[in-house]
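start22.tsv follows (TSV, C-alpha atoms and all ligand atoms):
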```
chain	number	residue	atom	x	y	z
Z	378	MET	CA	-1.57	16.47	16.37
Z	379	ASN	CA	-5.16	17.68	16.42
Z	380	GLY	CA	-7.09	17.90	19.64
Z	381	THR	CA	-9.76	15.42	20.59
Z	382	SER	CA	-12.68	17.74	19.70
Z	383	VAL	CA	-14.19	17.27	16.27
Z	384	ASP	CA	-12.40	19.82	14.15
Z	385	PHE	CA	-14.32	19.90	10.87
Z	386	VAL	CA	-12.21	22.56	9.19
Z	387	GLY	CA	-9.06	20.71	10.19
Z	388	GLN	CA	-10.41	17.40	8.85
Z	389	LEU	CA	-11.50	19.08	5.63
Z	390	LYS	CA	-8.00	20.44	5.25
Z	391	ASN	CA	-6.64	16.97	5.86
Z	392	ALA	CA	-9.02	15.60	3.22
Z	393	GLY	CA	-7.60	18.15	0.76
Z	394	LYS	CA	-4.34	16.21	0.89
Z	395	PHE	CA	-6.02	13.40	-1.07
Z	396	LEU	CA	-6.01	15.77	-4.03
Z	397	TYR	CA	-2.61	17.34	-3.21
Z	398	ILE	CA	-4.40	20.49	-2.14
Z	399	VAL	CA	-1.75	21.65	0.28
Z	400	ASN	CA	-0.53	25.09	1.21
Z	401	PRO	CA	3.23	25.25	0.48
Z	402	SER	CA	3.90	27.76	3.24
Z	403	GLU	CA	2.26	25.48	5.84
Z	404	THR	CA	4.16	22.42	4.71
Z	405	THR	CA	7.67	23.83	4.36
Z	406	PHE	CA	10.18	23.01	7.08
Z	407	GLU	CA	13.88	23.44	7.62
Z	408	PHE	CA	14.57	20.01	9.11
Z	409	PRO	CA	13.04	16.61	8.31
Z	410	GLN	CA	12.28	15.94	12.00
Z	411	GLN	CA	9.85	18.88	11.92
Z	412	VAL	CA	7.69	17.34	9.18
Z	413	PRO	CA	4.42	16.00	10.64
Z	414	ASP	CA	3.16	12.50	10.05
Z	415	TYR	CA	0.71	13.54	7.33
Z	416	GLN	CA	-0.31	9.93	6.72
Z	417	GLN	CA	-1.87	9.81	10.20
Z	418	GLN	CA	-3.78	13.03	9.53
Z	419	VAL	CA	-5.78	11.52	6.68
Z	420	TRP	CA	-7.00	8.41	8.54
Z	421	ILE	CA	-10.34	9.86	9.67
Z	422	PRO	CA	-11.33	11.41	6.31
Z	423	PHE	CA	-10.21	8.25	4.53
Z	424	PHE	CA	-12.31	6.04	6.77
Z	425	ILE	CA	-15.31	8.30	6.04
Z	426	LEU	CA	-14.61	7.96	2.31
Z	427	ILE	CA	-14.51	4.15	2.64
Z	428	VAL	CA	-17.94	4.15	4.31
Z	429	LEU	CA	-19.34	6.58	1.71
Z	430	GLU	CA	-18.00	4.44	-1.14
Z	431	GLN	CA	-19.76	1.35	0.18
Z	432	LEU	CA	-23.02	3.28	0.67
Z	433	ILE	CA	-22.88	4.57	-2.92
Z	434	LEU	CA	-22.06	1.11	-4.28
Z	435	THR	CA	-24.91	-0.47	-2.34
Z	436	ALA	CA	-27.37	2.23	-3.46
Z	437	LYS	CA	-26.26	1.82	-7.09
Z	438	ASP	CA	-26.21	-1.92	-7.20
Z	439	LYS	CA	-28.84	-2.90	-4.64
Z	440	LYS	CA	-26.83	-6.09	-4.17
Z	441	SER	CA	-23.98	-4.88	-1.99
Z	442	SER	CA	-20.50	-5.53	-3.27
Z	443	PHE	CA	-19.13	-5.33	0.27
Z	444	ARG	CA	-17.10	-8.36	1.21
Z	445	LEU	CA	-15.95	-8.50	4.82
Z	446	ASN	CA	-13.15	-10.97	4.05
Z	447	ASP	CA	-11.59	-8.79	1.37
Z	448	GLN	CA	-11.99	-5.52	3.30
Z	449	VAL	CA	-10.55	-6.93	6.52
Z	450	THR	CA	-7.63	-8.40	4.56
Z	451	SER	CA	-6.87	-4.97	3.08
Z	452	PHE	CA	-6.95	-3.39	6.54
Z	453	SER	CA	-4.78	-6.21	7.90
Z	454	HIS	CA	-2.09	-5.38	5.35
Z	455	TRP	CA	-2.34	-1.78	6.47
Z	456	VAL	CA	-1.71	-2.81	10.10
Z	457	PHE	CA	1.26	-4.91	8.91
Z	458	GLN	CA	2.74	-2.01	6.96
Z	459	GLU	CA	2.11	0.57	9.66
Z	460	SER	CA	3.70	-1.73	12.24
Z	461	GLY	CA	6.79	-1.75	10.04
Z	462	ARG	CA	6.66	2.05	9.87
Z	463	ILE	CA	6.51	2.25	13.66
Z	464	LEU	CA	9.37	-0.22	14.12
Z	465	PHE	CA	11.66	1.32	11.49
Z	466	ARG	CA	11.00	4.88	12.73
Z	467	GLY	CA	11.85	6.44	9.38
Z	468	ALA	CA	15.28	4.75	9.22
Z	469	GLU	CA	14.81	4.37	5.46
Z	470	TYR	CA	15.33	8.14	5.17
Z	471	TYR	CA	18.81	7.82	6.70
Z	472	ALA	CA	20.61	7.24	3.38
Z	473	TYR	CA	18.80	10.19	1.79
Z	474	ILE	CA	19.72	12.55	4.63
Z	475	THR	CA	23.35	11.36	4.66
Z	476	ILE	CA	23.76	11.86	0.91
Z	477	TYR	CA	22.21	15.31	1.12
Z	478	GLU	CA	24.40	16.39	4.02
Z	479	LYS	CA	27.64	15.14	2.47
Z	480	TYR	CA	27.27	15.37	-1.29
Z	481	HIS	CA	24.50	17.71	-2.37
Z	482	TRP	CA	25.81	19.84	-5.24
Z	483	TRP	CA	22.93	22.24	-5.73
Z	484	ASN	CA	21.65	24.34	-2.90
Z	485	LEU	CA	17.90	24.63	-3.33
Z	486	GLN	CA	16.67	26.97	-0.60
Z	487	TRP	CA	14.53	25.13	1.93
Z	488	ASP	CA	12.25	28.19	2.36
Z	489	SER	CA	11.64	28.85	-1.33
Z	490	VAL	CA	8.26	27.99	-2.82
Z	491	TRP	CA	10.10	26.86	-5.97
Z	492	THR	CA	11.78	24.12	-3.99
Z	493	TRP	CA	8.33	22.95	-2.89
Z	494	TYR	CA	7.07	22.64	-6.48
Z	495	ILE	CA	10.29	21.13	-7.82
Z	496	THR	CA	10.12	18.49	-5.08
Z	497	ALA	CA	6.48	17.68	-5.85
Z	498	LEU	CA	7.43	17.05	-9.49
Z	499	GLY	CA	10.71	15.29	-8.69
Z	500	VAL	CA	9.12	12.87	-6.22
Z	501	ASP	CA	6.36	12.00	-8.67
Z	502	PHE	CA	8.87	11.43	-11.48
Z	503	CYS	CA	10.86	9.08	-9.24
Z	504	TYR	CA	7.66	7.34	-8.14
Z	505	TYR	CA	6.93	6.48	-11.77
Z	506	TRP	CA	10.27	4.65	-11.98
Z	507	VAL	CA	9.85	3.10	-8.54
Z	508	HIS	CA	6.52	1.69	-9.58
Z	509	ARG	CA	7.64	0.61	-13.03
Z	510	SER	CA	10.61	-1.23	-11.51
Z	511	ASN	CA	8.29	-2.87	-9.00
Z	512	HIS	CA	6.46	-4.46	-11.93
Z	513	GLU	CA	9.40	-5.14	-14.22
Z	514	VAL	CA	11.98	-6.52	-11.77
Z	515	HIS	CA	10.92	-9.84	-10.35
Z	516	PHE	CA	12.34	-9.54	-6.81
Z	517	LEU	CA	10.67	-6.12	-6.44
Z	518	TRP	CA	7.42	-7.52	-7.80
Z	519	ALA	CA	7.63	-10.23	-5.10
Z	520	HIS	CA	6.76	-7.52	-2.58
Z	521	HIS	CA	4.65	-5.14	-4.72
Z	522	GLN	CA	2.27	-7.97	-5.72
Z	523	VAL	CA	0.70	-7.56	-2.24
Z	524	HIS	CA	-0.89	-4.32	-3.48
Z	525	HIS	CA	-2.39	-6.18	-6.43
Z	526	SER	CA	-3.58	-9.23	-4.49
Z	527	SER	CA	-7.22	-8.16	-4.12
Z	528	GLU	CA	-9.79	-9.27	-6.68
Z	529	GLU	CA	-11.83	-6.22	-5.75
Z	530	PHE	CA	-11.08	-2.61	-6.59
Z	531	ASN	CA	-12.11	-0.28	-3.79
Z	532	LEU	CA	-10.63	2.37	-1.52
Z	533	ALA	CA	-9.45	-0.18	1.04
Z	534	VAL	CA	-7.23	-1.74	-1.63
Z	535	GLY	CA	-5.21	1.49	-1.46
Z	536	LEU	CA	-4.21	0.39	2.05
Z	537	ARG	CA	-2.82	-2.96	0.90
Z	538	GLN	CA	0.92	-2.57	0.81
Z	539	SER	CA	3.93	-4.73	1.39
Z	540	VAL	CA	5.70	-4.40	4.74
Z	541	LEU	CA	8.93	-3.90	2.80
Z	542	GLN	CA	7.48	-1.24	0.49
Z	543	GLN	CA	9.68	1.64	1.69
Z	544	TRP	CA	12.82	-0.46	1.96
Z	545	CYS	CA	12.52	-1.76	-1.57
Z	546	ASN	CA	11.86	1.69	-3.00
Z	547	PHE	CA	14.00	4.26	-1.19
Z	548	VAL	CA	17.00	3.76	-3.52
Z	549	PHE	CA	15.04	5.17	-6.47
Z	550	TYR	CA	14.58	8.49	-4.70
Z	551	LEU	CA	18.25	8.93	-3.75
Z	552	PRO	CA	19.17	10.98	-6.88
Z	553	LEU	CA	16.91	13.71	-5.46
Z	554	ALA	CA	19.23	13.91	-2.41
Z	555	PHE	CA	21.81	15.69	-4.56
Z	556	PHE	CA	19.65	18.80	-4.71
Z	557	ILE	CA	16.39	18.53	-2.71
Z	558	PRO	CA	16.48	19.22	1.06
Z	559	PRO	CA	15.35	16.16	3.10
Z	560	SER	CA	12.54	18.11	4.81
Z	561	HIS	CA	10.87	18.68	1.42
Z	562	PHE	CA	11.44	15.09	0.37
Z	563	VAL	CA	9.89	13.66	3.56
Z	564	ALA	CA	6.80	15.87	3.15
Z	565	HIS	CA	6.21	15.24	-0.56
Z	566	HIS	CA	6.95	11.54	-0.35
Z	567	GLN	CA	3.95	11.38	2.01
Z	568	PHE	CA	1.74	13.66	-0.11
Z	569	ASN	CA	2.51	11.56	-3.17
Z	570	LEU	CA	1.39	8.34	-1.42
Z	571	ILE	CA	-1.67	10.01	0.15
Z	572	TYR	CA	-2.86	11.16	-3.29
Z	573	GLN	CA	-2.80	7.57	-4.46
Z	574	LEU	CA	-5.35	6.42	-1.88
Z	575	TRP	CA	-8.53	7.85	-3.44
Z	576	ILE	CA	-7.85	6.60	-6.97
Z	577	HIS	CA	-8.76	3.04	-5.92
Z	578	THR	CA	-12.48	3.21	-6.67
Z	579	THR	CA	-15.06	2.26	-9.27
Z	580	VAL	CA	-17.43	4.99	-8.04
Z	581	ILE	CA	-15.76	7.76	-10.07
Z	582	ASP	CA	-16.02	7.19	-13.78
Z	583	ASP	CA	-14.45	9.90	-15.94
Z	584	LEU	CA	-12.95	13.22	-14.89
Z	585	GLY	CA	-12.87	14.87	-18.32
Z	586	PRO	CA	-9.80	16.97	-19.16
Z	587	LEU	CA	-8.16	16.05	-15.83
Z	588	GLU	CA	-7.66	12.56	-17.27
Z	589	LEU	CA	-5.03	14.01	-19.60
Z	590	ILE	CA	-2.68	15.11	-16.85
Z	591	PHE	CA	-3.56	13.36	-13.61
Z	592	ASN	CA	-3.62	9.78	-12.51
Z	593	THR	CA	-7.30	9.09	-11.89
Z	594	PRO	CA	-9.47	6.14	-10.80
Z	595	LYS	CA	-10.08	5.40	-14.50
Z	596	HIS	CA	-6.35	5.10	-15.23
Z	597	HIS	CA	-5.56	3.25	-12.03
Z	598	ARG	CA	-8.32	0.68	-12.67
Z	599	VAL	CA	-6.35	-0.33	-15.76
Z	600	HIS	CA	-3.23	-0.64	-13.62
Z	601	HIS	CA	-5.02	-3.11	-11.31
Z	602	GLY	CA	-6.57	-5.10	-14.15
Z	603	CYS	CA	-5.14	-8.54	-14.90
Z	604	ASN	CA	-6.56	-8.61	-18.45
Z	605	LEU	CA	-3.64	-8.98	-20.87
Z	606	TYR	CA	-4.00	-5.43	-22.22
Z	607	CYS	CA	-3.64	-4.00	-18.69
Z	608	LEU	CA	-0.38	-5.68	-17.70
Z	609	ASP	CA	2.54	-3.32	-17.04
Z	610	LYS	CA	0.54	-0.16	-17.75
Z	611	ASN	CA	-0.24	3.16	-16.00
Z	612	TYR	CA	2.48	3.37	-13.39
Z	613	GLY	CA	2.01	7.06	-12.58
Z	614	GLY	CA	1.52	8.31	-9.00
Z	615	VAL	CA	-0.05	11.77	-9.15
Z	616	LEU	CA	0.57	12.58	-12.82
Z	617	ILE	CA	-0.22	10.30	-15.75
Z	618	ILE	CA	2.01	12.33	-18.08
Z	619	TRP	CA	4.99	10.06	-17.28
Z	620	ASP	CA	3.15	7.07	-18.77
Z	621	ARG	CA	2.21	9.10	-21.81
Z	622	LEU	CA	5.85	10.19	-22.18
Z	623	PHE	CA	7.48	6.82	-21.64
Z	624	GLY	CA	5.02	4.67	-23.58
Z	625	THR	CA	3.26	2.79	-20.77
Z	626	PHE	CA	-0.11	4.53	-20.95
Z	627	MET	CA	-3.26	2.48	-21.61
Z	628	ARG	CA	-6.85	3.66	-21.86
Z	629	GLU	CA	-9.63	1.77	-20.04
Z	630	LYS	CA	-11.33	-0.56	-22.52
Z	631	ASP	CA	-12.99	-3.93	-21.92
Z	632	GLU	CA	-14.53	-4.97	-18.65
Z	633	LEU	CA	-11.77	-5.29	-16.11
Z	634	ILE	CA	-10.87	-8.27	-14.00
Z	635	TYR	CA	-8.89	-7.23	-10.94
Z	636	GLY	CA	-6.08	-8.94	-9.09
Z	637	LEU	CA	-3.03	-11.04	-9.88
Z	638	VAL	CA	-3.05	-13.13	-13.06
Z	639	THR	CA	-2.86	-16.22	-10.89
Z	640	SER	CA	-5.11	-15.67	-7.90
Z	641	PRO	CA	-3.42	-16.64	-4.62
Z	642	ARG	CA	-6.88	-17.64	-3.31
Z	643	SER	CA	-6.30	-16.65	0.29
Z	644	PHE	CA	-7.32	-14.02	2.83
Z	645	ASN	CA	-4.35	-14.73	5.06
Z	646	PRO	CA	-2.29	-11.50	5.12
Z	647	LEU	CA	0.91	-13.22	6.26
Z	648	TYR	CA	0.64	-15.69	3.38
Z	649	LEU	CA	-0.15	-12.91	0.88
Z	650	GLN	CA	2.89	-10.94	2.05
Z	651	THR	CA	5.25	-13.88	1.62
Z	652	PHE	CA	3.97	-16.57	-0.78
Z	653	TYR	CA	5.28	-14.91	-3.91
Z	654	ALA	CA	8.88	-14.74	-2.69
Z	655	LYS	CA	8.81	-18.53	-2.33
Z	656	ALA	CA	7.31	-18.96	-5.81
Z	657	MET	CA	10.05	-16.75	-7.25
Z	658	ILE	CA	12.83	-18.67	-5.47
Z	659	ASP	CA	11.32	-21.96	-6.70
Z	660	LYS	CA	11.34	-20.64	-10.26
Z	661	SER	CA	14.95	-19.53	-9.88
Z	662	ASN	CA	15.98	-22.92	-8.45
Z	663	GLY	CA	14.36	-24.59	-11.43
Z	664	MET	CA	16.78	-22.89	-13.85
Z	665	LYS	CA	19.82	-24.81	-15.07
Z	666	SER	CA	22.56	-22.16	-15.24
Z	667	LEU	CA	23.56	-19.63	-12.59
Z	668	THR	CA	22.99	-16.81	-15.10
Z	669	ASP	CA	19.40	-17.92	-15.62
Z	670	LYS	CA	18.87	-18.42	-11.89
Z	671	LEU	CA	19.92	-14.79	-11.31
Z	672	ALA	CA	18.03	-13.56	-14.36
Z	673	VAL	CA	14.81	-14.87	-12.81
Z	674	LEU	CA	15.37	-12.42	-9.94
Z	675	TRP	CA	16.15	-9.26	-11.87
Z	676	LYS	CA	14.23	-9.70	-15.12
Z	677	GLY	CA	10.45	-9.44	-15.44
Z	678	PRO	CA	8.10	-11.84	-13.63
Z	679	SER	CA	7.07	-13.42	-16.97
Z	680	TRP	CA	10.62	-13.90	-18.25
Z	681	PHE	CA	11.81	-17.31	-19.44
Z	682	PRO	CA	15.18	-18.21	-21.00
Z	683	GLY	CA	15.39	-17.18	-24.64
Z	684	GLY	CA	12.63	-14.57	-24.29
Z	685	PRO	CA	12.85	-10.77	-24.00
Z	686	ARG	CA	13.41	-9.19	-20.55
Z	687	LEU	CA	9.69	-8.81	-19.81
Z	688	GLY	CA	8.67	-12.15	-21.34
Z	689	LEU	CA	6.57	-12.85	-24.41
Z	690	ASP	CA	2.87	-11.98	-24.44
Z	691	GLU	CA	2.01	-15.45	-25.74
Z	692	TYR	CA	3.39	-17.00	-22.55
Z	693	LYS	CA	1.45	-14.63	-20.30
Z	694	ILE	CA	-1.87	-15.79	-18.89
Z	695	ASN	CA	-4.74	-14.03	-20.63
Z	696	VAL	CA	-7.37	-13.72	-17.91
Z	697	THR	CA	-10.76	-13.31	-19.59
Z	698	SER	CA	-13.11	-14.40	-16.82
Z	699	ARG	CA	-12.78	-15.27	-13.18
Z	700	GLN	CA	-14.84	-16.62	-10.34
Z	701	LYS	CA	-13.79	-14.44	-7.41
Z	702	TYR	CA	-12.28	-16.30	-4.47
Z	703	ASP	CA	-14.87	-16.27	-1.70
Z	704	VAL	CA	-15.50	-18.62	1.21
Z	705	ARG	CA	-18.76	-18.64	3.15
Z	706	ILE	CA	-18.37	-18.82	6.90
Z	707	PRO	CA	-21.10	-18.78	9.57
Z	708	THR	CA	-22.36	-15.40	10.82
Z	709	TRP	CA	-21.10	-16.04	14.36
Z	710	GLN	CA	-17.59	-16.44	12.95
Z	711	ASN	CA	-17.90	-13.13	11.14
Z	712	VAL	CA	-18.94	-11.49	14.42
Z	713	TYR	CA	-16.05	-13.23	16.18
Z	714	ILE	CA	-13.68	-11.84	13.53
Z	715	ILE	CA	-15.06	-8.27	13.75
Z	716	LEU	CA	-14.59	-8.31	17.53
Z	717	HIS	CA	-11.03	-9.54	17.32
Z	718	PHE	CA	-10.21	-7.22	14.51
Z	719	ALA	CA	-11.46	-4.29	16.61
Z	720	ILE	CA	-9.14	-5.41	19.44
Z	721	VAL	CA	-6.20	-5.52	17.02
Z	722	LEU	CA	-7.00	-1.99	15.83
Z	723	TYR	CA	-7.31	-0.78	19.42
Z	724	LYS	CA	-3.93	-2.28	20.31
Z	725	HIS	CA	-2.42	-0.98	17.10
Z	726	PHE	CA	-3.53	2.60	17.72
Z	727	GLN	CA	-2.01	2.46	21.20
Z	728	LEU	CA	1.37	2.08	19.50
Z	729	TYR	CA	1.13	5.64	18.17
Z	730	ASP	CA	0.14	7.13	21.47
Z	731	GLU	CA	3.15	9.06	22.59
Z	732	LYS	CA	1.83	9.39	26.14
Z	733	GLN	CA	1.74	5.63	26.39
Z	734	ASP	CA	5.29	4.91	27.46
Z	735	PHE	CA	5.90	1.85	25.31
Z	736	ASN	CA	9.30	0.39	25.71
Z	737	ASN	CA	10.53	-1.41	22.61
Z	738	PHE	CA	9.89	-4.87	23.97
Z	739	GLN	CA	6.26	-4.11	24.72
Z	740	GLY	CA	5.81	-2.52	21.31
Z	741	VAL	CA	7.33	-5.50	19.51
Z	742	THR	CA	5.19	-7.91	21.55
Z	743	THR	CA	2.04	-6.00	20.60
Z	744	ILE	CA	3.04	-5.98	16.94
Z	745	LEU	CA	3.79	-9.72	16.96
Z	746	SER	CA	0.51	-10.55	18.68
Z	747	ASN	CA	-1.38	-8.38	16.17
Z	748	ILE	CA	0.30	-10.16	13.27
Z	749	PHE	CA	-0.59	-13.50	14.80
Z	750	THR	CA	-4.22	-12.50	15.38
Z	751	LEU	CA	-4.60	-11.11	11.85
Z	752	THR	CA	-3.14	-14.33	10.47
Z	753	ALA	CA	-5.66	-16.32	12.53
Z	754	ILE	CA	-8.46	-14.14	11.13
Z	755	GLY	CA	-7.18	-14.82	7.60
Z	756	LEU	CA	-7.15	-18.56	8.30
Z	757	LEU	CA	-10.75	-18.36	9.54
Z	758	PHE	CA	-11.81	-16.54	6.37
Z	759	ASP	CA	-10.04	-19.26	4.37
Z	760	LYS	CA	-11.67	-22.02	6.45
Z	761	SER	CA	-8.17	-23.35	6.85
Z	762	GLN	CA	-7.50	-26.55	8.75
Z	763	ASN	CA	-4.78	-24.76	10.73
Z	764	GLN	CA	-7.07	-22.10	12.14
Z	765	PRO	CA	-8.06	-23.84	15.44
Z	766	TYR	CA	-4.44	-23.68	16.72
Z	767	PHE	CA	-4.24	-19.99	15.93
Z	768	ASN	CA	-7.57	-19.24	17.53
Z	769	VAL	CA	-6.61	-20.88	20.80
Z	770	TYR	CA	-3.71	-18.43	20.76
Z	771	ILE	CA	-6.05	-15.47	20.13
Z	772	LEU	CA	-8.19	-16.34	23.15
Z	773	PHE	CA	-5.04	-16.43	25.26
Z	774	VAL	CA	-3.85	-13.04	23.95
Z	775	VAL	CA	-7.22	-11.35	24.39
Z	776	ASP	CA	-7.36	-12.65	27.93
Z	777	LYS	CA	-3.91	-11.32	28.64
Z	778	ASN	CA	-4.82	-8.00	27.07
Z	779	LYS	CA	-7.80	-7.70	29.38
Z	780	ASP	CA	-5.53	-8.22	32.40
Z	781	THR	CA	-3.01	-5.62	31.25
Z	782	LYS	CA	-5.76	-3.05	30.78
Z	783	VAL	CA	-6.99	-3.56	34.30
Z	784	SER	CA	-3.55	-3.30	35.85
Z	785	ASP	CA	-2.70	-0.20	33.78
Z	786	HIS	CA	-5.31	1.90	35.55
S	1	ZN	ZN	1.43	-1.61	-9.20
S	2	ZN	ZN	-3.08	0.77	-6.69
```
Before anything else, please render the file you have as structure tokens.
Ligand SMILES: [Zn+2]
Ligand SMILES: [Zn+2]
Amino acid sequence: MNGTSVDFVGQLKNAGKFLYIVNPSETTFEFPQQVPDYQQQVWIPFFILIVLEQLILTAKDKKSSFRLNDQVTSFSHWVFQESGRILFRGAEYYAYITIYEKYHWWNLQWDSVWTWYITALGVDFCYYWVHRSNHEVHFLWAHHQVHHSSEEFNLAVGLRQSVLQQWCNFVFYLPLAFFIPPSHFVAHHQFNLIYQLWIHTTVIDDLGPLELIFNTPKHHRVHHGCNLYCLDKNYGGVLIIWDRLFGTFMREKDELIYGLVTSPRSFNPLYLQTFYAKAMIDKSNGMKSLTDKLAVLWKGPSWFPGGPRLGLDEYKINVTSRQKYDVRIPTWQNVYIILHFAIVLYKHFQLYDEKQDFNNFQGVTTILSNIFTLTAIGLLFDKSQNQPYFNVYILFVVDKNKDTKVSDH
């Protein structure tokens, strides 16, 4: 980890990871346990980018497009997902490592630069299929929809992920375990996801010839559009060539409307993480035969009996205009939310602190209280009738937190 002093060169190097500008010799390791947590290294530069993006948008538009409710919701999902990452401690890599150790049939040298490049390409190829499956298989879409739940398109949306993201996706990478050393996989899996953060923006328009090869904001805007022509398009991670090869590429055309075709109309992160699974199970229960009940789970989200696997376009909702979901709440409530959100972030960052001797119980308690607080914040943004009960809880937790801090020192 970097020291506490402001290390500009180090942070610039970290920022290079957004564009996959990484030195192979510095990121090659023999064992997966040696691979650093690269995702943590990009937090500071990414936060700076988020601030810059909002400044540019405000300067361009005069009327700021910043919406506290939407931004906080994106960050809340990030806390949810990171909490999962802390709890699971990379257990999702276990199957990969086991397969490699027992069955790998091609010995790619861990210290060869070729292995580094082959892994970069292999991980991105698998990501294309991961992502495509996430959209075309209903039970996978039930978790991936979280990423598409914002009606905005900004950098913070890149942080919106399902808690189960890694667990639903790791299977698709397992073929790589037959020839790619786990240390390379763990590094490039992170680089691949880090690259995908900066492409969530409307600030960058067209990147010329780079648009031919790389996934760019322009291509990814189409992926987040809910206009009919955007559905199930542009799945690429770093490279867009996979979409061009496999027939899922779509150029940006009409004005885009972002989000899910049916807006969930909520800022409650817990609800956004879970509501779709219930909707899918309800749809499955509504089917007459067992075959159709199961087909609802593994065929496309728009599938209905008698139709093709991904459903017919005429049954899909053609979103042509939309009033964004927004609820006005008093300024004091916004201040109240910002304060509590800052406390959640403070408590969340303590979870990473290795010096802080967190036993599991304490860690789990912190995670649960953060989830509860973020849910309460979501309910406040929604002006939900249930929010008073949750907010009484928050006051209790904050009070307790204050006491713990005092006794810790
Ligand atoms: Zn997607
Ligand atoms: Zn995205």
Given only C-alpha atoms and all ligand atoms, how would the per-residue table for chain Z near ligand ZN 1 (chain S) read, listing every residue at most 8 Å away with its closest atom pair and distance in Å to one decimal, sorted by chain and number, as CSV?
```
residue,atom,partner,partner_atom,distance
Z:His508,CA,S:ZN1,ZN,6.1
Z:Arg509,CA,S:ZN1,ZN,7.6
Z:Asn511,CA,S:ZN1,ZN,7.0
Z:His512,CA,S:ZN1,ZN,6.4
Z:His521,CA,S:ZN1,ZN,6.5
Z:Gln522,CA,S:ZN1,ZN,7.3
Z:His524,CA,S:ZN1,ZN,6.7
Z:His525,CA,S:ZN1,ZN,6.6
Z:His600,CA,S:ZN1,ZN,6.5
Z:His601,CA,S:ZN1,ZN,7.0
Z:Tyr612,CA,S:ZN1,ZN,6.6
```
Using only C-alpha atoms, which protein or nucleic acid residues come within 10 Å of Lys479 of chain Z? Drop anything in the same chain fewer than 5 positions from it, and give the result as a compact mmCIF listing (two decimals) with C-alpha atoms, in the coordinates of the input.
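New file around_9.txt:
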```
# COMPACT_ATOMS: atom_id res chain seq x y z
CA ILE Z 474 19.72 12.55 4.63
CA ALA Z 554 19.23 13.91 -2.41
CA PHE Z 555 21.81 15.69 -4.56
```
- Message: Counting only C-alpha atoms, I want the residues whose atoms come within 12 Å of (13.0, 24.6, 1.9) in the file frame, returned as a ChimeraX atom specification.
- Response: /Z:401-409,411-412,484-496,556-565
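Using all atoms listed in the file, the smallest distance between any of Z:Leu671, Z:Val741, Z:Leu687, Z:Ile427 and Ile576 of chain Z comes from Z:Ile427.
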- Task: Determine the nearest neighbour of ligand ZN 2 (chain S) from the options Z:Gln739, Z:Asn592, Z:Thr708, Z:Ser746, counting only C-alpha atoms and all ligand atoms.
- Result: Z:Asn592
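Relative to atom CA of Ala392 of chain Z, atom CA of Asp447 of chain Z is found at 24.6 Å.
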Check which residues of chain Z sit at most 12 Å from ligand ZN 2 (chain S) using all atoms listed in the file, and return one row each with the closest pair of atoms and their distance in Å to one decimal, ordered by chain and rising number, as a tab-separated table.
```
residue	atom	partner	partner_atom	distance
Z:Ser451	CA	S:ZN2	ZN	11.9
Z:His508	CA	S:ZN2	ZN	10.1
Z:His521	CA	S:ZN2	ZN	9.9
Z:Gln522	CA	S:ZN2	ZN	10.3
Z:Val523	CA	S:ZN2	ZN	10.2
Z:His524	CA	S:ZN2	ZN	6.4
Z:His525	CA	S:ZN2	ZN	7.0
Z:Ser526	CA	S:ZN2	ZN	10.3
Z:Ser527	CA	S:ZN2	ZN	10.2
Z:Glu529	CA	S:ZN2	ZN	11.2
Z:Phe530	CA	S:ZN2	ZN	8.7
Z:Asn531	CA	S:ZN2	ZN	9.5
Z:Leu532	CA	S:ZN2	ZN	9.3
Z:Ala533	CA	S:ZN2	ZN	10.1
Z:Val534	CA	S:ZN2	ZN	7.0
Z:Gly535	CA	S:ZN2	ZN	5.7
Z:Leu536	CA	S:ZN2	ZN	8.8
Z:Arg537	CA	S:ZN2	ZN	8.5
Z:Gln538	CA	S:ZN2	ZN	9.1
Z:Leu570	CA	S:ZN2	ZN	10.2
Z:Ile571	CA	S:ZN2	ZN	11.6
Z:Tyr572	CA	S:ZN2	ZN	10.9
Z:Gln573	CA	S:ZN2	ZN	7.2
Z:Leu574	CA	S:ZN2	ZN	7.8
Z:Trp575	CA	S:ZN2	ZN	9.5
Z:Ile576	CA	S:ZN2	ZN	7.5
Z:His577	CA	S:ZN2	ZN	6.2
Z:Thr578	CA	S:ZN2	ZN	9.7
Z:Asn592	CA	S:ZN2	ZN	10.7
Z:Thr593	CA	S:ZN2	ZN	10.7
Z:Pro594	CA	S:ZN2	ZN	9.3
Z:Lys595	CA	S:ZN2	ZN	11.5
Z:His596	CA	S:ZN2	ZN	10.1
Z:His597	CA	S:ZN2	ZN	6.4
Z:Arg598	CA	S:ZN2	ZN	8.0
Z:Val599	CA	S:ZN2	ZN	9.7
Z:His600	CA	S:ZN2	ZN	7.1
Z:His601	CA	S:ZN2	ZN	6.3
Z:Gly602	CA	S:ZN2	ZN	10.1
Z:Lys610	CA	S:ZN2	ZN	11.7
Z:Asn611	CA	S:ZN2	ZN	10.0
Z:Tyr612	CA	S:ZN2	ZN	9.1
Z:Gly613	CA	S:ZN2	ZN	10.0
Z:Gly614	CA	S:ZN2	ZN	9.1
Z:Val615	CA	S:ZN2	ZN	11.7
Z:Tyr635	CA	S:ZN2	ZN	10.8
Z:Gly636	CA	S:ZN2	ZN	10.4
```
- Task: Return the single residue from Z:Leu517, Z:Val399, Z:Leu722, Z:Leu745 that is closest to Pro678 of chain Z, with distances computed using all atoms listed in the file.
- Result: Z:Leu517
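Coordinates place atom CA of Phe568 of chain Z at a distance of 11.3 Å from atom CA of Pro413 of chain Z.
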- Item | Test item: residues at most 7 Å from Gly677 of chain Z, only C-alpha atoms, excluding those fewer than 4 positions along its chain, as number ranges by chain | Z: 513-515, 686-688
